[in-house]
file my_file-v6.txt (compact mmCIF, C-alpha atoms)
# COMPACT_ATOMS: atom_id res chain seq x y z
CA MET A 1 20.72 -9.75 21.50
CA SER A 2 20.26 -7.59 18.43
CA ARG A 3 21.99 -7.60 15.13
CA ALA A 4 21.95 -5.09 12.33
CA LEU A 5 19.87 -5.87 9.28
CA PRO A 6 22.11 -6.97 6.37
CA LYS A 7 22.88 -4.25 3.85
CA TYR A 8 21.25 -4.84 0.51
CA SER A 9 22.74 -3.69 -2.76
CA LYS A 10 20.56 -1.76 -5.17
CA ARG A 11 19.67 -3.93 -8.15
CA ARG A 12 16.78 -4.80 -10.42
CA VAL A 13 14.77 -7.83 -9.46
CA GLY A 14 12.81 -10.11 -11.82
CA LEU A 15 9.12 -10.36 -11.08
CA ALA A 16 9.27 -14.12 -10.67
CA GLY A 17 12.22 -13.90 -8.31
CA GLY A 18 11.29 -10.73 -6.44
CA ALA A 19 9.78 -12.56 -3.49
CA ALA A 20 12.89 -14.67 -3.05
CA ALA A 21 15.57 -12.00 -3.41
CA VAL A 22 16.10 -9.50 -0.61
CA ALA A 23 16.93 -6.39 -2.63
CA LEU A 24 16.97 -2.77 -1.60
CA THR A 25 13.34 -1.80 -1.23
CA GLY A 26 14.01 1.67 -2.59
CA ALA A 27 15.31 0.33 -5.89
CA VAL A 28 13.35 0.78 -9.07
CA ILE A 29 12.31 -2.73 -9.99
CA ALA A 30 11.66 -3.64 -13.59
CA GLY A 31 11.22 -7.41 -13.69
CA THR A 32 11.88 -9.92 -16.38
CA ALA A 33 8.12 -10.50 -16.50
CA LEU A 34 7.82 -6.94 -17.81
CA ALA A 35 10.64 -6.70 -20.31
CA GLY A 36 12.26 -10.07 -20.70
CA GLU A 37 15.91 -10.96 -20.28
CA SER A 38 18.81 -9.56 -22.24
CA PRO A 39 20.97 -12.07 -24.16
CA ASP A 40 23.67 -11.95 -21.46
CA GLY A 41 21.12 -12.95 -18.81
CA GLY A 42 20.67 -9.47 -17.31
CA ALA A 43 17.24 -7.93 -17.07
CA ALA A 44 16.43 -5.63 -19.96
CA ASP A 45 15.16 -2.14 -19.13
CA ALA A 46 11.35 -2.30 -19.12
CA ARG A 47 11.16 1.43 -19.73
CA THR A 48 12.94 1.03 -23.05
CA LEU A 49 10.68 -1.76 -24.27
CA ALA A 50 7.28 -0.82 -22.87
CA GLY A 51 7.60 2.90 -22.13
CA PRO A 52 5.10 3.17 -19.23
CA GLY A 53 7.72 4.29 -16.72
CA THR A 54 8.70 2.52 -13.51
CA VAL A 55 7.80 2.83 -9.85
CA SER A 56 10.38 4.24 -7.45
CA CYS A 57 9.98 3.93 -3.67
CA PRO A 58 11.98 5.02 -0.60
CA ASP A 59 14.33 2.47 0.93
CA VAL A 60 12.96 0.91 4.11
CA ALA A 61 15.81 -1.43 5.05
CA SER A 62 18.35 1.36 5.52
CA GLN A 63 15.98 3.27 7.83
CA LEU A 64 15.52 0.43 10.31
CA PRO A 65 17.31 0.26 13.67
CA ALA A 66 19.18 -2.86 14.72
CA VAL A 67 16.72 -5.73 14.29
CA PRO A 68 16.36 -8.07 17.29
CA ALA A 69 17.22 -11.68 16.46
CA PRO A 70 13.67 -12.96 17.20
CA ALA A 71 12.27 -10.48 14.65
CA GLN A 72 14.87 -11.04 11.92
CA ALA A 73 12.96 -13.62 9.87
CA GLU A 74 9.69 -11.67 9.95
CA VAL A 75 11.40 -8.39 9.04
CA THR A 76 13.26 -10.00 6.14
CA ARG A 77 10.05 -11.61 4.90
CA ASN A 78 8.26 -8.25 4.89
CA LEU A 79 11.17 -6.50 3.15
CA GLU A 80 10.89 -9.13 0.42
CA GLN A 81 7.17 -8.42 0.24
CA LEU A 82 7.88 -4.71 -0.32
CA ASP A 83 10.03 -5.67 -3.31
CA GLN A 84 7.30 -7.94 -4.67
CA GLN A 85 4.72 -5.16 -4.33
CA ILE A 86 6.87 -2.84 -6.46
CA ALA A 87 7.37 -5.56 -9.07
CA GLU A 88 3.61 -6.12 -9.27
CA ALA A 89 2.98 -2.37 -9.59
CA ASN A 90 5.45 -2.21 -12.48
CA LYS A 91 3.61 -5.07 -14.18
CA ARG A 92 0.30 -3.23 -13.78
CA LEU A 93 1.87 -0.15 -15.37
CA VAL A 94 2.57 -2.21 -18.49
CA ASP A 95 -0.75 -4.06 -18.47
CA THR A 96 -2.87 -0.88 -18.16
CA VAL A 97 -1.10 1.50 -20.54
CA GLY A 98 -3.68 3.90 -22.01
CA GLN A 99 -6.45 3.07 -19.56
CA GLY A 100 -8.45 5.61 -17.57
CA GLY A 101 -8.10 9.36 -17.21
CA PRO A 102 -5.21 11.58 -16.12
CA ASN A 103 -5.30 10.30 -12.53
CA PHE A 104 -5.51 6.60 -13.38
CA VAL A 105 -1.94 5.71 -12.41
CA GLN A 106 -2.24 7.51 -9.07
CA ASN A 107 -5.67 6.06 -8.27
CA ALA A 108 -5.21 2.51 -9.58
CA ILE A 109 -1.49 1.83 -9.06
CA LEU A 110 0.46 4.29 -6.88
CA GLY A 111 -2.33 4.76 -4.32
CA PRO A 112 -2.95 1.04 -3.76
CA LEU A 113 0.80 0.43 -3.65
CA GLU A 114 1.16 3.03 -0.89
CA ASP A 115 -1.59 1.37 1.14
CA LYS A 116 0.06 -2.03 0.81
CA ARG A 117 3.40 -0.56 1.83
CA VAL A 118 1.83 1.13 4.88
CA ALA A 119 0.49 -2.23 6.06
CA THR A 120 3.82 -3.96 5.41
CA VAL A 121 6.02 -1.38 7.15
CA ASN A 122 3.60 -1.44 10.08
CA ARG A 123 4.15 -5.20 10.33
CA ILE A 124 7.91 -4.58 10.33
CA ALA A 125 7.58 -2.00 13.10
CA THR A 126 5.33 -4.35 15.10
CA ALA A 127 7.80 -7.24 14.75
CA ILE A 128 10.67 -5.11 16.05
CA GLY A 129 8.50 -3.57 18.78
CA ARG A 130 7.80 -6.93 20.39
CA THR A 131 11.33 -7.14 21.80
CA ALA A 132 12.78 -3.62 21.31
CA ASP A 133 11.67 -0.03 20.87
CA ARG A 134 9.15 0.19 18.04
CA PRO A 135 10.64 2.32 15.23
CA ALA A 136 8.64 5.48 14.53
CA GLY A 137 8.01 7.28 11.28
CA LEU A 138 8.21 4.34 8.89
CA ASP A 139 4.84 5.31 7.40
CA SER A 140 6.58 8.25 5.74
CA LEU A 141 8.42 5.74 3.52
CA ALA A 142 5.21 4.32 2.04
CA PRO A 143 4.48 6.77 -0.84
CA CYS A 144 6.12 6.00 -4.18
CA SER A 145 6.53 8.00 -7.37
CA LEU A 146 6.43 7.27 -11.10
CA ASP A 147 9.45 7.79 -13.31
CA ALA A 148 7.12 8.43 -16.23
CA GLN A 149 9.78 9.48 -18.73
CA GLY A 150 11.83 6.35 -18.20
CA GLY A 151 14.92 8.46 -17.58
CA PRO A 152 17.25 8.53 -14.60
CA ALA A 153 16.03 10.01 -11.33
CA ALA A 154 16.74 13.65 -10.70
CA PRO A 155 19.97 14.44 -8.81
CA GLY A 156 19.62 13.50 -5.17
CA GLN A 157 16.54 11.33 -5.82
CA GLU A 158 18.24 8.00 -6.52
CA GLU A 159 17.88 6.74 -2.94
CA THR A 160 14.54 8.29 -2.04
CA GLY A 161 12.86 7.41 -5.30
CA GLY A 162 11.49 10.95 -5.43
CA ALA A 163 8.78 9.99 -2.98
CA GLU A 164 8.44 13.55 -1.79
CA THR A 165 6.88 14.42 -5.13
CA ALA A 166 4.28 11.66 -4.97
CA ALA A 167 0.79 12.84 -4.13
CA PRO A 168 -0.69 10.64 -1.40
CA PRO A 169 -4.05 9.13 -2.26
CA ALA A 170 -7.03 10.90 -0.79
CA GLY A 171 -8.34 9.48 2.43
CA ASP A 172 -5.08 7.87 3.57
CA ALA A 173 -3.82 10.61 5.84
CA GLY A 174 -3.93 9.70 9.50
CA GLY A 175 -6.37 11.43 11.77
CA GLU A 176 -9.02 12.15 9.19
CA THR A 177 -12.50 12.84 10.43
CA GLY A 178 -15.10 10.62 8.85
CA THR A 179 -18.83 10.93 8.60
CA GLY A 180 -19.66 8.67 11.52
CA GLY A 181 -18.30 6.69 14.43
CA GLY A 182 -17.99 3.43 12.55
CA ASP A 183 -17.93 1.82 9.13
CA ALA A 184 -21.36 2.36 7.67
CA GLY A 185 -21.45 -0.95 5.85
CA THR A 186 -23.10 0.79 2.88
CA GLY A 187 -22.06 3.42 0.40
CA ARG A 188 -22.27 7.07 1.34
CA GLY A 189 -22.04 10.17 -0.75
CA GLY A 190 -23.46 8.66 -3.95
CA ASP A 191 -26.13 10.47 -5.93
CA ALA A 192 -28.92 9.75 -8.37
CA SER A 193 -26.71 10.17 -11.45
CA GLY A 194 -26.74 6.44 -12.19
CA ALA A 195 -23.12 6.01 -11.12
CA GLY A 196 -24.16 3.67 -8.33
CA THR A 197 -22.84 3.58 -4.79
CA VAL A 198 -20.18 1.61 -2.97
CA SER A 199 -21.29 -1.00 -0.43
CA CYS A 200 -18.78 -2.37 2.09
CA PRO A 201 -18.98 -4.86 4.98
CA ASP A 202 -19.42 -3.34 8.42
CA VAL A 203 -16.19 -3.49 10.43
CA ALA A 204 -17.30 -1.98 13.75
CA SER A 205 -19.83 -4.74 14.44
CA GLN A 206 -17.19 -7.43 13.85
CA LEU A 207 -14.72 -6.14 16.42
CA PRO A 208 -14.28 -7.72 19.85
CA ALA A 209 -14.39 -5.58 22.96
CA VAL A 210 -11.91 -2.77 22.34
CA PRO A 211 -9.43 -2.14 25.19
CA ALA A 212 -9.63 1.38 26.61
CA PRO A 213 -6.05 2.29 25.56
CA ALA A 214 -6.95 1.44 21.92
CA GLN A 215 -10.37 3.09 21.81
CA ALA A 216 -9.31 6.46 20.37
CA GLU A 217 -7.15 4.91 17.64
CA VAL A 218 -9.81 2.36 16.70
CA THR A 219 -12.49 5.06 16.50
CA ARG A 220 -10.24 7.23 14.35
CA ASN A 221 -9.64 4.37 11.92
CA LEU A 222 -13.35 3.48 11.79
CA GLU A 223 -14.04 7.09 10.84
CA GLN A 224 -11.38 6.81 8.17
CA LEU A 225 -13.17 3.78 6.70
CA ASP A 226 -16.31 5.92 6.37
CA GLN A 227 -14.32 8.69 4.72
CA GLN A 228 -12.80 6.26 2.23
CA ILE A 229 -16.27 5.08 1.19
CA ALA A 230 -17.48 8.68 0.79
CA GLU A 231 -14.49 9.51 -1.40
CA ALA A 232 -15.00 6.40 -3.51
CA ASN A 233 -18.62 7.39 -4.09
CA LYS A 234 -17.50 10.85 -5.16
CA ARG A 235 -15.03 9.32 -7.63
CA LEU A 236 -17.84 7.16 -9.04
CA VAL A 237 -19.78 10.33 -9.88
CA ASP A 238 -16.76 12.29 -11.12
CA THR A 239 -15.57 9.55 -13.49
CA VAL A 240 -18.85 8.39 -15.03
CA GLY A 241 -18.15 7.19 -18.58
CA GLN A 242 -14.37 7.03 -18.20
CA GLY A 243 -12.21 4.04 -19.08
CA GLY A 244 -13.13 0.56 -20.21
CA PRO A 245 -15.31 -2.14 -18.69
CA ASN A 246 -12.88 -2.71 -15.81
CA PHE A 247 -12.34 0.95 -14.94
CA VAL A 248 -14.48 1.00 -11.78
CA GLN A 249 -12.79 -2.12 -10.43
CA ASN A 250 -9.26 -0.96 -11.31
CA ALA A 251 -9.56 2.72 -10.41
CA ILE A 252 -12.11 2.77 -7.58
CA LEU A 253 -13.03 -0.57 -5.97
CA GLY A 254 -9.52 -2.03 -6.11
CA PRO A 255 -7.81 1.01 -4.55
CA LEU A 256 -10.61 1.23 -1.97
CA GLU A 257 -10.04 -2.39 -0.95
CA ASP A 258 -6.31 -1.74 -0.49
CA LYS A 259 -6.98 1.36 1.63
CA ARG A 260 -9.50 -0.52 3.74
CA ALA A 261 -7.08 -3.44 4.20
CA ALA A 262 -4.40 -1.05 5.51
CA THR A 263 -6.86 0.72 7.82
CA ILE A 264 -8.31 -2.54 9.14
CA ASP A 265 -4.79 -3.80 9.75
CA ARG A 266 -4.10 -0.71 11.86
CA ILE A 267 -7.26 -1.44 13.87
CA ALA A 268 -6.15 -5.03 14.50
CA ILE A 269 -2.65 -3.89 15.51
CA SER A 270 -4.11 -1.31 17.90
CA VAL A 271 -6.36 -3.85 19.62
CA GLY A 272 -3.56 -6.41 19.67
CA ARG A 273 -1.23 -4.21 21.70
CA THR A 274 -3.20 -4.80 24.90
CA ALA A 275 -5.50 -7.72 24.05
CA GLU A 276 -5.72 -10.64 21.67
CA ARG A 277 -5.37 -9.43 18.10
CA PRO A 278 -8.63 -10.01 16.18
CA ALA A 279 -8.27 -12.41 13.26
CA GLY A 280 -10.03 -12.46 9.91
CA LEU A 281 -10.79 -8.75 9.66
CA ASP A 282 -9.04 -8.53 6.29
CA SER A 283 -11.99 -10.42 4.80
CA LEU A 284 -14.04 -7.25 5.33
CA ALA A 285 -11.87 -5.11 3.05
CA ALA A 286 -13.52 -5.86 -0.31
CA CYS A 287 -16.48 -3.73 -1.42
CA THR A 288 -19.02 -3.99 -4.23
CA LEU A 289 -20.81 -1.58 -6.54
CA THR A 290 -24.57 -1.22 -6.05
CA LYS A 291 -26.46 0.28 -8.98

call {"tool": "encode", "arguments": {"input": "my_file-v6.txt", "output": "structure tokens"}}
result
Amino acid sequence: MSRALPKYSKRRVGLAGGAAAVALTGAVIAGTALAGESPDGGAADARTLAGPGTVSCPDVASQLPAVPAPAQAEVTRNLEQLDQQIAEANKRLVDTVGQGGPNFVQNAILGPLEDKRVATVNRIATAIGRTADRPAGLDSLAPCSLDAQGGPAAPGQEETGGAETAAPPAGDAGGETGTGGGDAGTGRGGDASGAGTVSCPDVASQLPAVPAPAQAEVTRNLEQLDQQIAEANKRLVDTVGQGGPNFVQNAILGPLEDKRAATIDRIAISVGRTAERPAGLDSLAACTLTK
């Protein structure tokens, strides 16, 4: 028996309460942790107080089909997680004002947020797909945009969050061709400029036997892991000398870890469709900088 997912009203959610409140995922969330509370108890507008803008994302809840009863709790939990991810991104906007170059917000905040949302909406689709038709196309709801001026969204953008204007982070498009058949486990594409190279754990060697129906998808995602490392190494070279002491972590290694986590999650989901889902692969997402 299926039942429709409850409708959520669009409202702002405090950072501390974002995980507990099921709010419309597409809402622009400016939490009390960012801007404090107004005297009447309502959340003050973070854009007015801090001026970094706010993150706006497409609504996921309204795009879901009827959710089967066995999947209801898991779907609701992941919708709450989408809200929390937006709240955390808004906090990072405030905490990193003035850091990095012109692409800092895209590379260090919007890109990682998109990768987290991809993984979360995939979990929603998987939960529904266990007992009903798996919803298609939810990945298109992952990109978010920045309302940098702190003003209202453009006409017609209130529900979508203007996501169609958000540039997806490099290396996250499906079906990319990497530089090899598996995760290299070491940085690729670095040079002798002194920028260093990225070194990541090998994923391919940690996989169980891959079922034949999953082989093509797993190979494609392993190639994508290689491509992500190559692009991170290129960014190391292109941004030498930019930002403060935490720039590489915030703008390169952090976003790379989020992209790898989303890609590794897709590998695990693919294997898990016809065999036991491998556990613990997310521990392979983090990379280091080798000088």

call {"tool": "residues_around", "arguments": {"input": "my_file-v6.txt", "residues": "Thr239 of chain A", "least_positions_apart": "6", "cutoff": "9 Å", "atoms": "all atoms listed in the file", "output": "ChimeraX atom specification"}}
result
/A:101,195,248

call {"tool": "write_last_selection", "arguments": {"input": "my_file-v6.txt", "atoms": "C-alpha atoms", "output": "PDB file, in the coordinates of the input"}}
result
ATOM      1  CA  GLY A 101      -8.100   9.360 -17.210  1.00  0.00           C
ATOM      2  CA  ALA A 195     -23.120   6.010 -11.120  1.00  0.00           C
ATOM      3  CA  VAL A 248     -14.480   1.000 -11.780  1.00  0.00           C
TER       4      VAL A 248
END

call {"tool": "residues_around", "arguments": {"input": "my_file-v6.txt", "residues": "Thr126 of chain A", "least_positions_apart": "6", "cutoff": "10 Å", "atoms": "all atoms listed in the file", "output": "list in words"}}
result
Ala71, Glu74, Val75, Thr120, Ala132, Asp133, Arg134, Pro135, Ile269 and Arg273 of chain A

call {"tool": "closest_residue", "arguments": {"input": "my_file-v6.txt", "among": "A:Ser199, A:Gln215, A:Gln84, A:Gln206", "to": "Leu256 of chain A", "atoms": "only C-alpha atoms"}}
result
A:Ser199

call {"tool": "atom_distance", "arguments": {"input": "my_file-v6.txt", "atom1": "atom CA of Ala285 of chain A", "atom2": "atom CA of Ile264 of chain A"}}
result
7.5 Å

call {"tool": "atom_distance", "arguments": {"input": "my_file-v6.txt", "atom1": "atom CA of Leu79 of chain A", "atom2": "atom CA of Ala61 of chain A"}}
result
7.1 Å

call {"tool": "closest_residue", "arguments": {"input": "my_file-v6.txt", "among": "A:Ile86, A:Val55, A:Val271, A:Ile229", "to": "Pro211 of chain A", "atoms": "all atoms listed in the file"}}
result
A:Val271

call {"tool": "closest_residue", "arguments": {"input": "my_file-v6.txt", "among": "A:Arg117, A:Arg220, A:Arg123, A:Arg260", "to": "Asp282 of chain A", "atoms": "all atoms listed in the file"}}
result
A:Arg260

call {"tool": "closest_residue", "arguments": {"input": "my_file-v6.txt", "among": "A:Leu110, A:Leu146, A:Val97, A:Ile124", "to": "Ser56 of chain A", "atoms": "all atoms listed in the file"}}
result
A:Leu146

call {"tool": "decode", "arguments": {"input": "my_file-v6.txt", "residues": "segment 204-235 of chain A", "atoms": "N, CA, C and O atoms", "output": "JSON list (two decimals), in the first residue's frame"}}
result
[["chain", "number", "residue", "atom", "x", "y", "z"],
["A", 204, "ALA", "N", 39.06, 0.56, -6.66],
["A", 204, "ALA", "CA", 38.86, -0.66, -7.46],
["A", 204, "ALA", "C", 39.32, -1.91, -6.71],
["A", 204, "ALA", "O", 38.65, -2.95, -6.74],
["A", 205, "SER", "N", 40.46, -1.81, -6.04],
["A", 205, "SER", "CA", 41.01, -3.00, -5.36],
["A", 205, "SER", "C", 40.21, -3.39, -4.12],
["A", 205, "SER", "O", 40.39, -4.48, -3.59],
["A", 206, "GLN", "N", 39.33, -2.49, -3.65],
["A", 206, "GLN", "CA", 38.57, -2.77, -2.44],
["A", 206, "GLN", "C", 37.16, -3.29, -2.74],
["A", 206, "GLN", "O", 36.40, -3.57, -1.82],
["A", 207, "LEU", "N", 36.84, -3.42, -4.02],
["A", 207, "LEU", "CA", 35.51, -3.88, -4.38],
["A", 207, "LEU", "C", 35.42, -5.40, -4.35],
["A", 207, "LEU", "O", 36.40, -6.09, -4.64],
["A", 208, "PRO", "N", 34.26, -5.94, -4.01],
["A", 208, "PRO", "CA", 34.06, -7.39, -4.15],
["A", 208, "PRO", "C", 33.89, -7.73, -5.62],
["A", 208, "PRO", "O", 34.00, -6.86, -6.48],
["A", 209, "ALA", "N", 33.62, -8.97, -5.90],
["A", 209, "ALA", "CA", 33.34, -9.36, -7.28],
["A", 209, "ALA", "C", 32.13, -8.56, -7.78],
["A", 209, "ALA", "O", 31.10, -8.51, -7.11],
["A", 210, "VAL", "N", 32.28, -7.93, -8.93],
["A", 210, "VAL", "CA", 31.22, -7.08, -9.46],
["A", 210, "VAL", "C", 30.29, -7.91, -10.33],
["A", 210, "VAL", "O", 30.74, -8.54, -11.29],
["A", 211, "PRO", "N", 28.99, -7.92, -10.04],
["A", 211, "PRO", "CA", 28.05, -8.68, -10.88],
["A", 211, "PRO", "C", 28.07, -8.16, -12.32],
["A", 211, "PRO", "O", 28.25, -6.96, -12.54],
["A", 212, "ALA", "N", 27.89, -9.05, -13.27],
["A", 212, "ALA", "CA", 27.94, -8.67, -14.68],
["A", 212, "ALA", "C", 26.98, -7.52, -15.02],
["A", 212, "ALA", "O", 27.36, -6.60, -15.76],
["A", 213, "PRO", "N", 25.73, -7.52, -14.49],
["A", 213, "PRO", "CA", 24.83, -6.41, -14.84],
["A", 213, "PRO", "C", 25.33, -5.05, -14.35],
["A", 213, "PRO", "O", 24.92, -4.02, -14.88],
["A", 214, "ALA", "N", 26.22, -5.03, -13.35],
["A", 214, "ALA", "CA", 26.70, -3.76, -12.79],
["A", 214, "ALA", "C", 28.06, -3.35, -13.35],
["A", 214, "ALA", "O", 28.54, -2.25, -13.06],
["A", 215, "GLN", "N", 28.68, -4.21, -14.15],
["A", 215, "GLN", "CA", 30.07, -3.98, -14.56],
["A", 215, "GLN", "C", 30.26, -2.66, -15.29],
["A", 215, "GLN", "O", 31.18, -1.88, -15.00],
["A", 216, "ALA", "N", 29.39, -2.37, -16.26],
["A", 216, "ALA", "CA", 29.56, -1.15, -17.06],
["A", 216, "ALA", "C", 29.42, 0.10, -16.19],
["A", 216, "ALA", "O", 30.22, 1.04, -16.30],
["A", 217, "GLU", "N", 28.43, 0.10, -15.30],
["A", 217, "GLU", "CA", 28.22, 1.28, -14.45],
["A", 217, "GLU", "C", 29.37, 1.45, -13.46],
["A", 217, "GLU", "O", 29.83, 2.57, -13.20],
["A", 218, "VAL", "N", 29.84, 0.35, -12.89],
["A", 218, "VAL", "CA", 30.97, 0.43, -11.95],
["A", 218, "VAL", "C", 32.21, 0.95, -12.67],
["A", 218, "VAL", "O", 32.92, 1.83, -12.16],
["A", 219, "THR", "N", 32.50, 0.42, -13.85],
["A", 219, "THR", "CA", 33.67, 0.87, -14.60],
["A", 219, "THR", "C", 33.56, 2.37, -14.92],
["A", 219, "THR", "O", 34.54, 3.12, -14.79],
["A", 220, "ARG", "N", 32.38, 2.81, -15.32],
["A", 220, "ARG", "CA", 32.18, 4.22, -15.64],
["A", 220, "ARG", "C", 32.46, 5.11, -14.41],
["A", 220, "ARG", "O", 33.09, 6.16, -14.51],
["A", 221, "ASN", "N", 32.01, 4.66, -13.25],
["A", 221, "ASN", "CA", 32.23, 5.46, -12.04],
["A", 221, "ASN", "C", 33.68, 5.40, -11.56],
["A", 221, "ASN", "O", 34.19, 6.38, -11.01],
["A", 222, "LEU", "N", 34.36, 4.27, -11.79],
["A", 222, "LEU", "CA", 35.79, 4.22, -11.47],
["A", 222, "LEU", "C", 36.57, 5.18, -12.36],
["A", 222, "LEU", "O", 37.51, 5.85, -11.91],
["A", 223, "GLU", "N", 36.19, 5.26, -13.62],
["A", 223, "GLU", "CA", 36.82, 6.22, -14.53],
["A", 223, "GLU", "C", 36.55, 7.65, -14.06],
["A", 223, "GLU", "O", 37.42, 8.54, -14.15],
["A", 224, "GLN", "N", 35.36, 7.87, -13.54],
["A", 224, "GLN", "CA", 35.03, 9.21, -13.06],
["A", 224, "GLN", "C", 35.88, 9.58, -11.84],
["A", 224, "GLN", "O", 36.29, 10.74, -11.69],
["A", 225, "LEU", "N", 36.19, 8.61, -10.99],
["A", 225, "LEU", "CA", 37.08, 8.88, -9.86],
["A", 225, "LEU", "C", 38.44, 9.34, -10.36],
["A", 225, "LEU", "O", 39.05, 10.26, -9.79],
["A", 226, "ASP", "N", 38.96, 8.69, -11.40],
["A", 226, "ASP", "CA", 40.24, 9.11, -11.97],
["A", 226, "ASP", "C", 40.15, 10.54, -12.51],
["A", 226, "ASP", "O", 41.06, 11.35, -12.32],
["A", 227, "GLN", "N", 39.05, 10.83, -13.19],
["A", 227, "GLN", "CA", 38.88, 12.16, -13.77],
["A", 227, "GLN", "C", 38.83, 13.23, -12.68],
["A", 227, "GLN", "O", 39.37, 14.32, -12.83],
["A", 228, "GLN", "N", 38.17, 12.92, -11.59],
["A", 228, "GLN", "CA", 38.07, 13.87, -10.48],
["A", 228, "GLN", "C", 39.45, 14.19, -9.91],
["A", 228, "GLN", "O", 39.75, 15.34, -9.57],
["A", 229, "ILE", "N", 40.30, 13.17, -9.79],
["A", 229, "ILE", "CA", 41.66, 13.40, -9.29],
["A", 229, "ILE", "C", 42.44, 14.27, -10.27],
["A", 229, "ILE", "O", 43.16, 15.21, -9.87],
["A", 230, "ALA", "N", 42.32, 13.99, -11.57],
["A", 230, "ALA", "CA", 43.04, 14.77, -12.57],
["A", 230, "ALA", "C", 42.60, 16.23, -12.52],
["A", 230, "ALA", "O", 43.44, 17.15, -12.62],
["A", 231, "GLU", "N", 41.31, 16.47, -12.35],
["A", 231, "GLU", "CA", 40.82, 17.84, -12.29],
["A", 231, "GLU", "C", 41.26, 18.55, -11.02],
["A", 231, "GLU", "O", 41.56, 19.75, -11.03],
["A", 232, "ALA", "N", 41.33, 17.81, -9.92],
["A", 232, "ALA", "CA", 41.82, 18.40, -8.67],
["A", 232, "ALA", "C", 43.29, 18.79, -8.81],
["A", 232, "ALA", "O", 43.71, 19.85, -8.33],
["A", 233, "ASN", "N", 44.08, 17.95, -9.46],
["A", 233, "ASN", "CA", 45.48, 18.29, -9.67],
["A", 233, "ASN", "C", 45.63, 19.53, -10.55],
["A", 233, "ASN", "O", 46.52, 20.36, -10.34],
["A", 234, "LYS", "N", 44.77, 19.65, -11.55],
["A", 234, "LYS", "CA", 44.81, 20.85, -12.40],
["A", 234, "LYS", "C", 44.47, 22.10, -11.59],
["A", 234, "LYS", "O", 45.10, 23.15, -11.74],
["A", 235, "ARG", "N", 43.47, 21.99, -10.70],
["A", 235, "ARG", "CA", 43.11, 23.13, -9.87],
["A", 235, "ARG", "C", 44.24, 23.51, -8.92],
["A", 235, "ARG", "O", 44.44, 24.69, -8.61]]
